[in-house]
Amino acid sequence: MTQNASPLPDVADTATRILEAAEAQFRHYGYSKTTVADVAKELGMSPANIYRFFGSKGELLEGVCARMLQQSLMIAKAAADLPVSAEERLRRYSMNHFEFTVSTMLDERKVHEMVVVAIEQSWGVIDKHIDEIQAILTGIIADGMENGEFVKGDPAHVARCFGAATSPLHHPQMVAQCIGKSNRAAPEDLTEFAIRALKV
């Protein structure tokens with residue numbers, strides 16, 4: 001009696017393995033020095049198999065960045081779900097995000113390179129992430145308006161303004177330019193300034 005053949009690997013699982021290998025290569029060698037052939041070699045497969053899932057090295061980078069941005073989104077969601085005031089949730093969101101940007105996207109220079117390339121290309125994954133973050137901020141601010149912490153208004157508009165005001169703490173390139181400089185606002189001060197603006 002013959003045994004049944006092993007099932008084919010799940011397509012989604014294969015794509016995830018490819019992204020994991022690509023991220024490891026990008027982190028170790030840098031995006032510019034990594035080729036699709038390098039990723040394929042790491043996985044023991046042919047470049048043609050990579051191209052079945054990702055049409056180019058740029059698409060691979062987009063997928064890797066999407067995975068990293070998912071971590072950022074989880075930080076925002078965790079702050080939004082805290083059983084504290086809307087003000088404190090915004091504070092936690094801003095400061096935790098700043099720490100994430102520094103530790104993940106600046107301390108590892110090759111990771112920073114990946115993010116900069118993605119931002120400069122203005123890929124849809126970046127815009128989608130901004131929309132998701134803005135939706136979370138809108139929810140927090142709407143709560144604050146409802147319970148009297150913040151002045152009444154259009155929470156979506158206020159969330160966009162809050163996001164823009166604190167972008168020097170979350171945008172990798174801006175953080176890289178400003179961090180540690182005495183003539184820039186400290187992260188805590190900029191966060192408090194933006195929160196105070198919601199109360200005026």
# chains A, B, ... in the order shown; residues from 1 in each chain; ligands from 1
call {"tool": "residues_around", "arguments": {"residues": "Phe162 in chain A", "least_positions_apart": "5", "cutoff": "9 Å", "atoms": "only C-alpha atoms", "output": "NGL selection string"}}
result
:A and (137 or 157 or 167 or 194-195 or 197-198)
call {"tool": "residues_around", "arguments": {"residues": "Ile141 in chain A", "least_positions_apart": "3", "cutoff": "7 Å", "atoms": "only C-alpha atoms", "output": "list in words"}}
result
Ala86, Leu137, Thr138, Gly144, Met145, Pro155 and Ala159 of chain A
call {"tool": "write_last_selection", "arguments": {"atoms": "N, CA, C and O atoms", "output": "CSV table (one decimal), in the first residue's frame"}}
result
chain,number,residue,atom,x,y,z
A,86,ALA,N,-7.5,59.5,27.5
A,86,ALA,CA,-7.1,59.7,26.1
A,86,ALA,C,-5.7,60.4,26.0
A,86,ALA,O,-4.9,60.1,25.1
A,137,LEU,N,-5.4,57.1,15.9
A,137,LEU,CA,-5.4,58.4,16.6
A,137,LEU,C,-6.7,59.0,16.6
A,137,LEU,O,-7.1,59.7,17.6
A,138,THR,N,-7.5,58.9,15.5
A,138,THR,CA,-8.8,59.5,15.5
A,138,THR,C,-9.7,58.9,16.6
A,138,THR,O,-10.5,59.6,17.2
A,144,GLY,N,-11.3,61.4,23.7
A,144,GLY,CA,-11.0,62.6,24.5
A,144,GLY,C,-11.9,63.7,24.4
A,144,GLY,O,-12.2,64.4,25.4
A,145,MET,N,-12.4,63.9,23.2
A,145,MET,CA,-13.4,65.0,23.0
A,145,MET,C,-14.7,64.6,23.7
A,145,MET,O,-15.4,65.5,24.3
A,155,PRO,N,-12.5,65.0,14.9
A,155,PRO,CA,-11.4,64.1,15.4
A,155,PRO,C,-10.4,63.7,14.3
A,155,PRO,O,-9.2,63.6,14.6
A,159,ALA,N,-6.6,64.5,14.4
A,159,ALA,CA,-5.6,63.4,14.4
A,159,ALA,C,-4.6,63.6,13.3
A,159,ALA,O,-3.4,63.3,13.5
call {"tool": "closest_residue", "arguments": {"among": "A:Ile136, A:Ile126, A:Met114, A:Ala142", "to": "Gly30 in chain A", "atoms": "only C-alpha atoms"}}
result
A:Met114
call {"tool": "select_by_dssp", "arguments": {"residues": "range 72-191 of chain A", "states": "alpha helix (DSSP H)", "output": "VMD selection string"}}
result
chain A and resid 72 to 80 86 to 100 109 to 121 124 to 146 155 to 165 172 to 178 187 to 191
call {"tool": "closest_atom_pairs", "arguments": {"of": "range 15-121 of chain A", "to": "range 184-189 of chain A", "cutoff": "9 Å", "atoms": "only C-alpha atoms", "output": "tab-separated table"}}
result
residue	atom	partner	partner_atom	distance
A:Arg91	CA	A:Glu188	CA	8.6
A:Ser94	CA	A:Pro187	CA	8.5
A:Met95	CA	A:Pro187	CA	7.2
A:Phe98	CA	A:Pro187	CA	7.6
call {"tool": "closest_residue", "arguments": {"among": "A:Gln177, A:Thr166, A:Gln25, A:Ser182", "to": "Leu60 in chain A", "atoms": "only C-alpha atoms"}}
result
A:Gln25
call {"tool": "closest_residue", "arguments": {"among": "A:Arg17, A:Ala37, A:Val175, A:Lys57", "to": "Phe100 in chain A", "atoms": "only C-alpha atoms"}}
result
A:Val175
call {"tool": "atom_distance", "arguments": {"atom1": "CA of Phe26 in chain A", "atom2": "CA of Ile75 in chain A"}}
result
23.3 Å
